[in-house]
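Participant: Next up, query_22.tsv (TSV, C-alpha atoms and all ligand atoms).
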chain	number	residue	atom	x	y	z
A	1	MET	CA	118.33	105.42	142.81
A	2	GLU	CA	121.57	104.01	141.53
A	3	LYS	CA	121.94	101.91	144.62
A	4	PHE	CA	118.45	100.48	144.05
A	5	GLU	CA	119.34	99.58	140.47
A	6	GLU	CA	122.63	98.01	141.58
A	7	LEU	CA	120.90	95.93	144.23
A	8	LYS	CA	118.28	94.79	141.72
A	9	LEU	CA	120.96	93.67	139.22
A	10	LYS	CA	122.98	91.97	141.95
A	11	ALA	CA	119.88	90.06	143.15
A	12	LYS	CA	118.91	89.17	139.57
A	13	ALA	CA	122.43	87.85	138.81
A	14	GLU	CA	122.51	85.74	142.00
A	15	ILE	CA	118.98	84.40	141.43
A	16	GLU	CA	119.90	83.37	137.90
A	17	LYS	CA	122.84	81.34	139.23
A	18	ILE	CA	120.65	79.32	141.63
A	19	ALA	CA	120.74	75.67	140.53
A	20	SER	CA	118.44	73.95	143.04
A	21	MET	CA	115.45	74.48	145.31
A	22	LYS	CA	117.77	73.80	148.24
A	23	THR	CA	119.81	76.99	147.75
A	24	ILE	CA	116.91	79.28	146.77
A	25	ASN	CA	115.95	79.89	150.41
A	26	ASP	CA	119.48	80.99	151.35
A	27	VAL	CA	119.49	83.57	148.55
A	28	LYS	CA	115.96	84.68	149.48
A	29	ALA	CA	117.13	85.24	153.08
A	30	LYS	CA	120.07	87.25	151.81
A	31	PHE	CA	117.85	89.76	149.96
A	32	ILE	CA	114.27	89.71	151.23
A	33	GLY	CA	114.56	87.74	154.49
A	34	LYS	CA	114.25	89.34	157.95
A	35	ASN	CA	117.89	90.41	157.87
A	36	GLY	CA	118.11	90.70	154.08
A	37	GLU	CA	119.64	93.61	152.20
A	38	ILE	CA	116.29	94.93	150.84
A	39	THR	CA	114.57	94.54	154.22
A	40	ALA	CA	117.46	96.51	155.72
A	41	LEU	CA	116.58	99.40	153.40
A	42	LEU	CA	113.04	99.49	154.83
A	43	ARG	CA	114.45	99.49	158.32
A	44	GLY	CA	116.63	102.52	157.40
A	45	MET	CA	113.52	104.57	156.44
A	46	LYS	CA	113.64	106.38	159.76
A	47	ASP	CA	116.89	108.11	158.69
A	48	ILE	CA	115.33	109.42	155.45
A	49	PRO	CA	114.05	113.00	155.50
A	50	ALA	CA	110.29	113.05	155.98
A	51	GLU	CA	109.46	114.59	152.58
A	52	MET	CA	111.36	111.85	150.75
A	53	ARG	CA	110.19	109.00	152.94
A	54	ALA	CA	107.03	108.13	150.95
A	55	ALA	CA	108.87	108.04	147.60
A	56	PHE	CA	111.72	106.04	149.20
A	57	GLY	CA	109.27	103.57	150.72
A	58	LYS	CA	107.48	103.07	147.42
A	59	ARG	CA	110.81	102.48	145.64
A	60	VAL	CA	111.89	99.89	148.24
A	61	ASN	CA	108.54	98.10	147.96
A	62	ASP	CA	108.77	98.14	144.16
A	63	LEU	CA	112.28	96.68	144.38
A	64	LYS	CA	111.10	94.00	146.80
A	65	GLU	CA	108.28	93.08	144.41
A	66	GLU	CA	110.59	92.95	141.41
A	67	VAL	CA	113.11	90.72	143.26
A	68	SER	CA	110.26	88.51	144.59
A	69	ALA	CA	109.09	88.12	140.98
A	70	PHE	CA	112.62	86.99	139.99
A	71	PHE	CA	112.46	84.42	142.79
A	72	ALA	CA	108.96	83.23	141.74
A	73	LYS	CA	110.14	82.84	138.12
A	74	LYS	CA	113.23	80.95	139.25
A	75	GLU	CA	111.15	78.73	141.52
A	76	THR	CA	108.81	77.83	138.65
A	77	GLU	CA	111.78	77.01	136.42
A	78	LEU	CA	113.49	74.89	139.10
A	79	LYS	CA	110.29	72.98	139.96
A	80	ALA	CA	109.68	72.22	136.28
A	81	ALA	CA	113.28	71.02	135.85
A	82	GLU	CA	113.11	68.92	139.02
A	83	SER	CA	109.86	67.19	138.01
A	84	ALA	CA	111.17	66.59	134.48
A	85	ASP	CA	114.23	64.99	136.06
A	86	LYS	CA	112.06	62.92	138.45
A	87	PHE	CA	109.82	61.70	135.61
A	88	LYS	CA	112.88	60.70	133.62
A	89	LYS	CA	114.37	58.77	136.56
A	90	GLU	CA	111.11	57.08	137.50
A	91	ALA	CA	110.02	56.28	133.95
A	92	VAL	CA	108.52	52.77	133.53
A	93	ASP	CA	108.88	50.99	130.22
A	94	ILE	CA	105.37	49.64	129.81
A	95	THR	CA	106.41	47.68	126.74
A	96	LEU	CA	108.54	45.32	128.88
A	97	PRO	CA	106.90	41.93	129.43
A	98	ALA	CA	105.41	41.62	132.93
A	99	LYS	CA	107.09	39.40	135.51
A	100	THR	CA	105.12	36.15	135.63
A	101	LEU	CA	104.16	34.44	138.87
A	102	GLN	CA	105.32	30.86	139.32
A	103	VAL	CA	102.11	28.86	139.57
A	104	GLY	CA	102.02	25.22	140.59
A	105	GLY	CA	100.26	22.57	138.55
A	106	LEU	CA	99.32	18.91	138.61
A	107	HIS	CA	102.03	16.30	138.19
A	108	PRO	CA	101.65	14.39	134.87
A	109	LEU	CA	100.93	11.20	136.83
A	110	ASN	CA	98.05	12.94	138.59
A	111	ILE	CA	96.78	14.39	135.30
A	112	VAL	CA	96.67	10.89	133.79
A	113	LYS	CA	95.32	9.29	136.98
A	114	ASN	CA	92.45	11.82	137.06
A	115	LYS	CA	91.69	11.15	133.37
A	116	ILE	CA	91.59	7.39	133.97
A	117	ILE	CA	89.37	7.79	137.04
A	118	ASP	CA	87.06	10.15	135.11
A	119	ALA	CA	86.82	7.64	132.24
A	120	PHE	CA	85.79	4.76	134.54
A	121	THR	CA	83.60	6.68	136.96
A	122	GLY	CA	81.75	7.86	133.83
A	123	MET	CA	81.03	4.16	133.22
A	124	GLY	CA	79.65	3.69	136.72
A	125	PHE	CA	82.75	2.59	138.69
A	126	GLU	CA	83.16	3.55	142.36
A	127	ILE	CA	86.55	4.26	143.99
A	128	PHE	CA	87.93	1.99	146.70
A	129	GLU	CA	91.39	2.62	148.17
A	130	GLY	CA	93.18	-0.22	149.96
A	131	PRO	CA	96.20	-0.09	152.31
A	132	GLU	CA	99.74	0.26	150.91
A	133	ILE	CA	101.16	-2.01	153.63
A	134	ASP	CA	99.27	-5.26	153.43
A	135	THR	CA	99.49	-8.91	154.43
A	136	ASP	CA	100.78	-11.88	152.46
A	137	TYR	CA	97.21	-13.22	152.48
A	138	TYR	CA	95.67	-10.24	150.63
A	139	CYS	CA	98.63	-9.61	148.32
A	140	PHE	CA	99.11	-13.24	147.28
A	141	GLN	CA	97.25	-16.12	148.93
A	142	ALA	CA	93.71	-14.79	148.44
A	143	LEU	CA	94.67	-14.14	144.81
A	144	ASN	CA	95.48	-17.82	144.29
A	145	ILE	CA	99.24	-17.32	144.71
A	146	PRO	CA	100.23	-19.70	147.54
A	147	LYS	CA	103.54	-19.45	149.42
A	148	ASP	CA	106.47	-20.52	147.22
A	149	HIS	CA	104.39	-20.22	144.02
A	150	PRO	CA	106.78	-19.23	141.17
A	151	ALA	CA	104.38	-16.42	140.06
A	152	ARG	CA	105.52	-14.49	143.16
A	153	ASP	CA	108.79	-13.76	141.34
A	154	MET	CA	106.93	-11.52	138.86
A	155	GLN	CA	105.88	-9.30	141.74
A	156	ASP	CA	108.79	-9.46	144.15
A	157	THR	CA	108.46	-6.65	146.69
A	158	PHE	CA	109.75	-5.30	150.02
A	159	TYR	CA	108.87	-7.31	153.13
A	160	ILE	CA	108.42	-5.83	156.59
A	161	ASN	CA	108.30	-9.34	158.07
A	162	ASP	CA	107.32	-12.79	156.73
A	163	ASN	CA	103.67	-11.83	156.72
A	164	VAL	CA	103.56	-8.06	156.16
A	165	LEU	CA	104.78	-6.35	152.98
A	166	LEU	CA	104.53	-3.27	150.75
A	167	ARG	CA	101.83	-4.33	148.27
A	168	PRO	CA	103.29	-5.22	144.85
A	169	HIS	CA	100.03	-4.48	143.01
A	170	THR	CA	96.55	-3.05	143.64
A	171	SER	CA	94.92	-6.49	143.21
A	172	PRO	CA	94.46	-6.97	147.01
A	173	GLY	CA	91.76	-4.29	146.49
A	174	GLN	CA	89.73	-6.93	144.62
A	175	VAL	CA	89.72	-9.27	147.61
A	176	ARG	CA	89.00	-6.57	150.21
A	177	THR	CA	86.06	-5.33	148.12
A	178	MET	CA	84.57	-8.77	147.52
A	179	GLU	CA	84.84	-9.60	151.24
A	180	ASN	CA	82.87	-6.48	152.13
A	181	LYS	CA	80.43	-5.94	149.29
A	182	LYS	CA	77.78	-8.10	147.66
A	183	PRO	CA	77.59	-8.19	143.82
A	184	PRO	CA	76.93	-6.31	141.64
A	185	ILE	CA	80.41	-4.84	142.17
A	186	LYS	CA	82.05	-2.25	139.93
A	187	ILE	CA	85.09	-0.69	141.60
A	188	LEU	CA	88.30	1.07	140.73
A	189	SER	CA	91.21	0.91	143.16
A	190	PRO	CA	94.06	3.38	142.51
A	191	GLY	CA	97.23	3.66	144.58
A	192	ARG	CA	101.00	3.36	145.10
A	193	VAL	CA	102.62	-0.07	144.76
A	194	TYR	CA	106.16	-1.36	145.27
A	195	ARG	CA	108.47	-3.86	143.58
A	196	ALA	CA	112.12	-4.89	143.71
A	197	ASP	CA	112.65	-3.35	140.24
A	198	ASP	CA	114.78	-0.44	139.01
A	199	ASP	CA	115.50	0.42	135.37
A	200	ALA	CA	114.38	2.87	132.65
A	201	SER	CA	110.87	1.38	132.49
A	202	HIS	CA	110.52	-0.08	136.01
A	203	SER	CA	110.53	1.87	139.26
A	204	PRO	CA	110.66	0.49	142.85
A	205	MET	CA	107.58	2.63	143.61
A	206	PHE	CA	104.92	3.21	140.98
A	207	HIS	CA	101.16	3.58	140.66
A	208	GLN	CA	98.50	1.14	139.52
A	209	ILE	CA	94.76	1.25	139.04
A	210	GLU	CA	92.82	-1.94	139.56
A	211	GLY	CA	89.37	-2.46	138.09
A	212	LEU	CA	86.91	-5.14	139.18
A	213	VAL	CA	83.43	-5.98	137.93
A	214	VAL	CA	81.44	-8.86	139.50
A	215	ASP	CA	77.91	-9.62	138.42
A	216	LYS	CA	75.79	-12.31	136.81
A	217	GLY	CA	76.91	-13.16	133.26
A	218	VAL	CA	80.08	-11.02	133.15
A	219	SER	CA	82.44	-12.29	130.42
A	220	LEU	CA	85.62	-11.62	128.48
A	221	CYS	CA	83.49	-9.76	125.88
A	222	ASP	CA	82.51	-7.22	128.54
A	223	LEU	CA	86.19	-6.75	129.35
A	224	LYS	CA	86.96	-6.13	125.67
A	225	GLY	CA	84.11	-3.61	125.31
A	226	LEU	CA	85.06	-1.79	128.50
A	227	LEU	CA	88.74	-1.47	127.61
A	228	ASP	CA	87.96	-0.49	123.99
A	229	GLU	CA	85.93	2.41	125.32
A	230	PHE	CA	88.59	3.31	127.90
A	231	VAL	CA	91.51	3.55	125.41
A	232	LYS	CA	89.47	5.77	123.10
A	233	ILE	CA	88.96	8.22	126.01
A	234	ILE	CA	92.58	8.14	127.19
A	235	PHE	CA	94.42	8.08	123.84
A	236	ASP	CA	92.17	8.93	120.89
A	237	LYS	CA	89.01	7.68	119.22
A	238	ASP	CA	90.91	5.67	116.57
A	239	THR	CA	92.92	3.66	119.11
A	240	LYS	CA	92.20	-0.07	118.99
A	241	THR	CA	92.88	-2.84	121.52
A	242	ARG	CA	94.25	-6.36	121.08
A	243	PHE	CA	94.12	-9.19	123.64
A	244	ARG	CA	97.14	-11.50	123.92
A	245	PRO	CA	96.97	-14.68	126.02
A	246	SER	CA	98.87	-14.31	129.27
A	247	TYR	CA	99.02	-15.75	132.77
A	248	PHE	CA	97.96	-14.42	136.16
A	249	PRO	CA	97.02	-16.91	138.91
A	250	PHE	CA	93.99	-14.77	139.87
A	251	THR	CA	92.38	-14.62	136.41
A	252	GLU	CA	91.42	-17.41	134.03
A	253	PRO	CA	91.68	-16.81	131.12
A	254	SER	CA	94.28	-14.05	131.47
A	255	VAL	CA	95.23	-11.53	128.83
A	256	GLU	CA	97.68	-8.78	128.22
A	257	VAL	CA	96.10	-5.82	126.47
A	258	ASP	CA	97.90	-3.93	123.71
A	259	VAL	CA	96.81	-0.68	122.04
A	260	THR	CA	97.67	0.56	118.56
A	261	CYS	CA	100.82	2.67	118.90
A	262	CYS	CA	99.89	6.29	119.60
A	263	LYS	CA	103.00	7.55	117.79
A	264	CYS	CA	102.68	5.72	114.43
A	265	GLY	CA	99.01	4.69	114.55
A	266	GLY	CA	99.94	1.02	114.04
A	267	LYS	CA	102.38	1.29	111.11
A	268	GLY	CA	105.43	0.43	113.24
A	269	CYS	CA	108.01	2.83	114.74
A	270	ASN	CA	110.76	3.02	117.36
A	271	LEU	CA	108.23	3.46	120.23
A	272	CYS	CA	106.38	0.20	119.42
A	273	LYS	CA	109.60	-1.51	118.26
A	274	GLY	CA	108.15	-1.91	114.77
A	275	THR	CA	105.13	-3.98	115.89
A	276	GLY	CA	102.46	-1.25	115.73
A	277	TRP	CA	101.22	-2.29	119.21
A	278	ILE	CA	102.05	-1.26	122.80
A	279	GLU	CA	101.18	-3.23	125.93
A	280	ILE	CA	99.22	-1.23	128.48
A	281	LEU	CA	97.80	-3.59	131.07
A	282	GLY	CA	97.08	-7.07	132.42
A	283	ALA	CA	93.52	-8.37	132.76
A	284	GLY	CA	91.25	-11.40	132.68
A	285	VAL	CA	88.17	-13.16	133.94
A	286	VAL	CA	88.36	-13.48	137.73
A	287	ASN	CA	89.48	-17.01	138.69
A	288	LYS	CA	86.59	-18.92	140.30
A	289	LYS	CA	88.90	-19.88	143.17
A	290	VAL	CA	89.40	-16.18	143.99
A	291	LEU	CA	85.64	-15.54	143.97
A	292	GLU	CA	85.05	-18.53	146.28
A	293	MET	CA	87.88	-17.54	148.68
A	294	SER	CA	86.24	-14.10	149.00
A	295	GLY	CA	82.81	-15.61	149.74
A	296	ILE	CA	81.16	-15.14	146.32
A	297	ASP	CA	79.25	-18.01	144.72
A	298	SER	CA	81.09	-18.68	141.45
A	299	ASN	CA	78.14	-20.67	140.09
A	300	VAL	CA	75.99	-17.54	140.18
A	301	TYR	CA	78.47	-14.74	139.64
A	302	SER	CA	81.45	-14.14	137.40
A	303	GLY	CA	83.88	-11.25	137.29
A	304	LEU	CA	86.41	-9.41	135.20
A	305	ALA	CA	89.49	-7.59	136.48
A	306	PHE	CA	92.25	-5.46	135.06
A	307	GLY	CA	95.33	-3.72	136.46
A	308	LEU	CA	97.18	-0.93	134.73
A	309	GLY	CA	100.35	1.02	135.48
A	310	ILE	CA	99.76	4.79	135.50
A	311	GLU	CA	103.46	5.48	134.71
A	312	ARG	CA	103.27	3.25	131.62
A	313	ILE	CA	100.18	5.00	130.25
A	314	THR	CA	101.72	8.43	131.02
A	315	MET	CA	104.97	7.47	129.26
A	316	ILE	CA	103.10	6.23	126.16
A	317	LYS	CA	100.77	9.22	126.09
A	318	TYR	CA	103.51	11.85	126.38
A	319	GLY	CA	106.41	9.99	124.70
A	320	ILE	CA	108.55	9.77	127.88
A	321	SER	CA	111.40	7.29	127.46
A	322	ASP	CA	112.73	6.99	131.04
A	323	ILE	CA	110.37	6.38	134.00
A	324	ARG	CA	112.82	8.12	136.36
A	325	THR	CA	112.05	11.50	134.75
A	326	LEU	CA	108.63	11.25	136.37
A	327	PHE	CA	110.15	11.23	139.86
A	328	GLU	CA	113.01	13.74	139.52
A	329	ASN	CA	110.71	16.78	139.91
A	330	ASN	CA	112.63	18.86	137.40
A	331	VAL	CA	110.52	22.04	137.18
A	332	ALA	CA	111.24	22.60	133.44
A	333	PHE	CA	110.00	19.07	132.71
A	334	LEU	CA	106.88	19.41	134.87
A	335	GLN	CA	105.93	22.83	133.47
A	336	GLN	CA	105.39	21.30	130.02
A	337	PHE	CA	102.26	19.59	131.34
A	338	ASN	CA	100.70	22.75	132.78
A	339	ARG	CA	101.07	25.37	130.08
A	340	ARG	CA	98.55	28.18	130.50
W	1	LIG	C1	99.73	-6.97	137.76
W	1	LIG	O1	100.27	-6.26	138.60
W	1	LIG	C2	98.40	-7.53	137.94
W	1	LIG	N1	97.98	-7.35	139.29
W	1	LIG	C3	97.46	-6.86	136.93
W	1	LIG	C4	96.13	-7.56	136.83
W	1	LIG	C5	95.06	-7.11	137.56
W	1	LIG	C6	95.97	-8.66	136.00
W	1	LIG	C7	93.84	-7.75	137.48
W	1	LIG	C8	94.76	-9.32	135.90
W	1	LIG	C9	93.69	-8.85	136.63
W	1	LIG	P1	101.73	-6.73	136.09
W	1	LIG	O2	102.80	-7.26	136.97
W	1	LIG	O3	101.86	-7.03	134.64
W	1	LIG	O4	100.27	-7.15	136.51
W	1	LIG	O5	101.68	-5.14	136.26
W	1	LIG	C10	100.67	-4.34	135.68
W	1	LIG	C11	101.27	-3.08	135.07
W	1	LIG	O6	102.04	-2.40	136.04
W	1	LIG	C12	102.26	-3.36	133.93
W	1	LIG	O7	101.57	-3.44	132.71
W	1	LIG	C13	103.15	-2.16	133.97
W	1	LIG	O8	102.57	-1.11	133.25
W	1	LIG	C14	103.12	-1.75	135.41
W	1	LIG	N2	104.37	-2.09	136.10
W	1	LIG	C15	104.77	-3.30	136.56
W	1	LIG	N3	105.95	-3.20	137.19
W	1	LIG	C16	106.31	-1.90	137.15
W	1	LIG	C17	107.43	-1.14	137.64
W	1	LIG	N4	108.39	-1.69	138.36
W	1	LIG	N5	107.46	0.18	137.38
W	1	LIG	C18	106.46	0.77	136.70
W	1	LIG	N6	105.37	0.13	136.21
W	1	LIG	C19	105.29	-1.19	136.44
As a first step, turn the structure in this file into structure tokens.
Ligand code: FA5

Facilitator:
Amino acid sequence: MEKFEELKLKAKAEIEKIASMKTINDVKAKFIGKNGEITALLRGMKDIPAEMRAAFGKRVNDLKEEVSAFFAKKETELKAAESADKFKKEAVDITLPAKTLQVGGLHPLNIVKNKIIDAFTGMGFEIFEGPEIDTDYYCFQALNIPKDHPARDMQDTFYINDNVLLRPHTSPGQVRTMENKKPPIKILSPGRVYRADDDASHSPMFHQIEGLVVDKGVSLCDLKGLLDEFVKIIFDKDTKTRFRPSYFPFTEPSVEVDVTCCKCGGKGCNLCKGTGWIEILGAGVVNKKVLEMSGIDSNVYSGLAFGLGIERITMIKYGISDIRTLFENNVAFLQQFNRR
């Protein structure tokens, strides 16, 4: 009996010392495994006198049960400790802000271009896109700018040869439309244009949108009404326009159009250089010579045209001081226009 008690205490002490599920099986094998100390007692039953065998057997089985219970208790404790440890290690702090996905967005020039196109298509304009590489005839001659005319200096561009060049403005779109379409005409021609320019407000490549209306009885008043409506959509409803006399060989009369400064509302500030006005585009009544050269009877029809720089409108609208920022593709700069 003493030996049983000793074995029980020995097993209990060893089981208590077990620190991980990995070692529990070794200790189990030592006591209740096939070659374990308690199993060995059962095997020795044959040497026990027959009258004591039943009592001996019961005692061994009781001991085995008691030791198995120690193991079961230890196993429960170890499993609980291991899962507590696992939970601690794998804990997720759900109060941390989630990682955001980088999502692309429209470039500010495309945002403004789309707004301008929306404004004019809402007034019935159709889109016509002309080629970026064009001939001297469409870029200049058909617009009443003959070879060696001094007005060519205003729009000096990059020549591929004497006759083929990167278009310096979207005005060739006027000619190509009039050659192919009978009045009434109401088109908008957006696209990239090129000039031998490079400073904080002039880029060698930039974007323009040309507008052309040809119909019976079209006048400068229509141009004023159209542009008044346009600036209210693009800037805000209190923005006003002002026409200043100007010169373009393809329009007569020609005007430069100013809007009340969007920063100071017309009081005068650093953006409008104290004048309260900012120039946004060139425009005018289509020169009769241009209509005739494109096959339109100038005694029956008249037209109005305007050409605006998308970069200029974007810079005014968002208070951008250097045009080059629009082409550097700095992500921090671009993200400001696509906040979600
Ligand atoms: C023209 O290009 C005329 N074709 C506009 C026109 C069309 C007048 C129809 C009459 C009838 P201008 O050279 O002023 O005009 O250019 C128009 C606009 O393009 C300017 O107001 C300016 O906003 C923009 N612009 C001109 N050069 C540059 C440049 N290098 N970089 C960025 N924007 C420019």

Participant: Nearest to ligand LIG 1 (chain W) among A:Asp228, A:Asp215, A:Asp153, A:Asp238, with distances taken over only C-alpha atoms and all ligand atoms: which residue is it?

Facilitator: A:Asp153

Participant: Would you mind telling me which residue in A:Gln174, A:Ser298, A:Gln102, A:Ser203 lies nearest to ligand LIG 1 (chain W) when using all atoms listed in the file?

Facilitator: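 Residue with the minimum atom-to-atom distance to ligand LIG 1 (chain W): A:Ser203.
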
Participant: Kindly provide, as a PyMOL selection string, all nucleotide and amino acid residues lying within 9 Å of ligand LIG 1 (chain W), counting all atoms listed in the file.

Facilitator: chain A and resi 154-155+168-172+174+193-212+247-252+254-257+279-286+304-313+323

Participant: Store the residues picked out above in a file with C-alpha atoms, as a PDB file, keeping the file's coordinate frame.

Facilitator:
ATOM      1  CA  MET A 154     106.930 -11.520 138.860  1.00  0.00           C
ATOM      2  CA  GLN A 155     105.880  -9.300 141.740  1.00  0.00           C
ATOM      3  CA  PRO A 168     103.290  -5.220 144.850  1.00  0.00           C
ATOM      4  CA  HIS A 169     100.030  -4.480 143.010  1.00  0.00           C
ATOM      5  CA  THR A 170      96.550  -3.050 143.640  1.00  0.00           C
ATOM      6  CA  SER A 171      94.920  -6.490 143.210  1.00  0.00           C
ATOM      7  CA  PRO A 172      94.460  -6.970 147.010  1.00  0.00           C
ATOM      8  CA  GLN A 174      89.730  -6.930 144.620  1.00  0.00           C
ATOM      9  CA  VAL A 193     102.620  -0.070 144.760  1.00  0.00           C
ATOM     10  CA  TYR A 194     106.160  -1.360 145.270  1.00  0.00           C
ATOM     11  CA  ARG A 195     108.470  -3.860 143.580  1.00  0.00           C
ATOM     12  CA  ALA A 196     112.120  -4.890 143.710  1.00  0.00           C
ATOM     13  CA  ASP A 197     112.650  -3.350 140.240  1.00  0.00           C
ATOM     14  CA  ASP A 198     114.780  -0.440 139.010  1.00  0.00           C
ATOM     15  CA  ASP A 199     115.500   0.420 135.370  1.00  0.00           C
ATOM     16  CA  ALA A 200     114.380   2.870 132.650  1.00  0.00           C
ATOM     17  CA  SER A 201     110.870   1.380 132.490  1.00  0.00           C
ATOM     18  CA  HIS A 202     110.520  -0.080 136.010  1.00  0.00           C
ATOM     19  CA  SER A 203     110.530   1.870 139.260  1.00  0.00           C
ATOM     20  CA  PRO A 204     110.660   0.490 142.850  1.00  0.00           C
ATOM     21  CA  MET A 205     107.580   2.630 143.610  1.00  0.00           C
ATOM     22  CA  PHE A 206     104.920   3.210 140.980  1.00  0.00           C
ATOM     23  CA  HIS A 207     101.160   3.580 140.660  1.00  0.00           C
ATOM     24  CA  GLN A 208      98.500   1.140 139.520  1.00  0.00           C
ATOM     25  CA  ILE A 209      94.760   1.250 139.040  1.00  0.00           C
ATOM     26  CA  GLU A 210      92.820  -1.940 139.560  1.00  0.00           C
ATOM     27  CA  GLY A 211      89.370  -2.460 138.090  1.00  0.00           C
ATOM     28  CA  LEU A 212      86.910  -5.140 139.180  1.00  0.00           C
ATOM     29  CA  TYR A 247      99.020 -15.750 132.770  1.00  0.00           C
ATOM     30  CA  PHE A 248      97.960 -14.420 136.160  1.00  0.00           C
ATOM     31  CA  PRO A 249      97.020 -16.910 138.910  1.00  0.00           C
ATOM     32  CA  PHE A 250      93.990 -14.770 139.870  1.00  0.00           C
ATOM     33  CA  THR A 251      92.380 -14.620 136.410  1.00  0.00           C
ATOM     34  CA  GLU A 252      91.420 -17.410 134.030  1.00  0.00           C
ATOM     35  CA  SER A 254      94.280 -14.050 131.470  1.00  0.00           C
ATOM     36  CA  VAL A 255      95.230 -11.530 128.830  1.00  0.00           C
ATOM     37  CA  GLU A 256      97.680  -8.780 128.220  1.00  0.00           C
ATOM     38  CA  VAL A 257      96.100  -5.820 126.470  1.00  0.00           C
ATOM     39  CA  GLU A 279     101.180  -3.230 125.930  1.00  0.00           C
ATOM     40  CA  ILE A 280      99.220  -1.230 128.480  1.00  0.00           C
ATOM     41  CA  LEU A 281      97.800  -3.590 131.070  1.00  0.00           C
ATOM     42  CA  GLY A 282      97.080  -7.070 132.420  1.00  0.00           C
ATOM     43  CA  ALA A 283      93.520  -8.370 132.760  1.00  0.00           C
ATOM     44  CA  GLY A 284      91.250 -11.400 132.680  1.00  0.00           C
ATOM     45  CA  VAL A 285      88.170 -13.160 133.940  1.00  0.00           C
ATOM     46  CA  VAL A 286      88.360 -13.480 137.730  1.00  0.00           C
ATOM     47  CA  LEU A 304      86.410  -9.410 135.200  1.00  0.00           C
ATOM     48  CA  ALA A 305      89.490  -7.590 136.480  1.00  0.00           C
ATOM     49  CA  PHE A 306      92.250  -5.460 135.060  1.00  0.00           C
ATOM     50  CA  GLY A 307      95.330  -3.720 136.460  1.00  0.00           C
ATOM     51  CA  LEU A 308      97.180  -0.930 134.730  1.00  0.00           C
ATOM     52  CA  GLY A 309     100.350   1.020 135.480  1.00  0.00           C
ATOM     53  CA  ILE A 310      99.760   4.790 135.500  1.00  0.00           C
ATOM     54  CA  GLU A 311     103.460   5.480 134.710  1.00  0.00           C
ATOM     55  CA  ARG A 312     103.270   3.250 131.620  1.00  0.00           C
ATOM     56  CA  ILE A 313     100.180   5.000 130.250  1.00  0.00           C
ATOM     57  CA  ILE A 323     110.370   6.380 134.000  1.00  0.00           C
TER      58      ILE A 323
END

Participant: Neighbours of range 176-179 of chain A within 12 Å (only C-alpha atoms; same-chain residues fewer than 4 positions away dropped), as a ChimeraX atom specification?

Facilitator: /A:126-131,134-135,137-139,142-143,170-172,183-189,210-215,286,290-297,301-303

Participant: Take CA of Cys262 in chain A and CA of Asp236 in chain A and report the distance between them in Å, one decimal.

Facilitator: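 If I compute the distance from CA of Cys262 in chain A to CA of Asp236 in chain A, I get 8.3 Å.
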
Participant: Counting all atoms listed in the file, figure out which residue out of A:Lys73, A:Lys317, A:Lys147, A:Lys17 gets nearest to Val112 in chain A.

Facilitator: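 The shortest atom-to-atom distance to Val112 in chain A comes from A:Lys317.
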
Participant: Could you check which of A:Ser68, A:Phe87, A:His107, A:Val231 is closest to Glu328 in chain A, using all atoms listed in the file?

Facilitator: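 Distance minimum relative to Glu328 in chain A lands on A:His107.
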
Participant: Between A:Phe327, A:Tyr318, A:Phe230, A:Trp277, which residue has the minimum interatomic distance to Met123 in chain A, considering all atoms listed in the file?

Facilitator: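 Residue with the minimum atom-to-atom distance to Met123 in chain A: A:Phe230.
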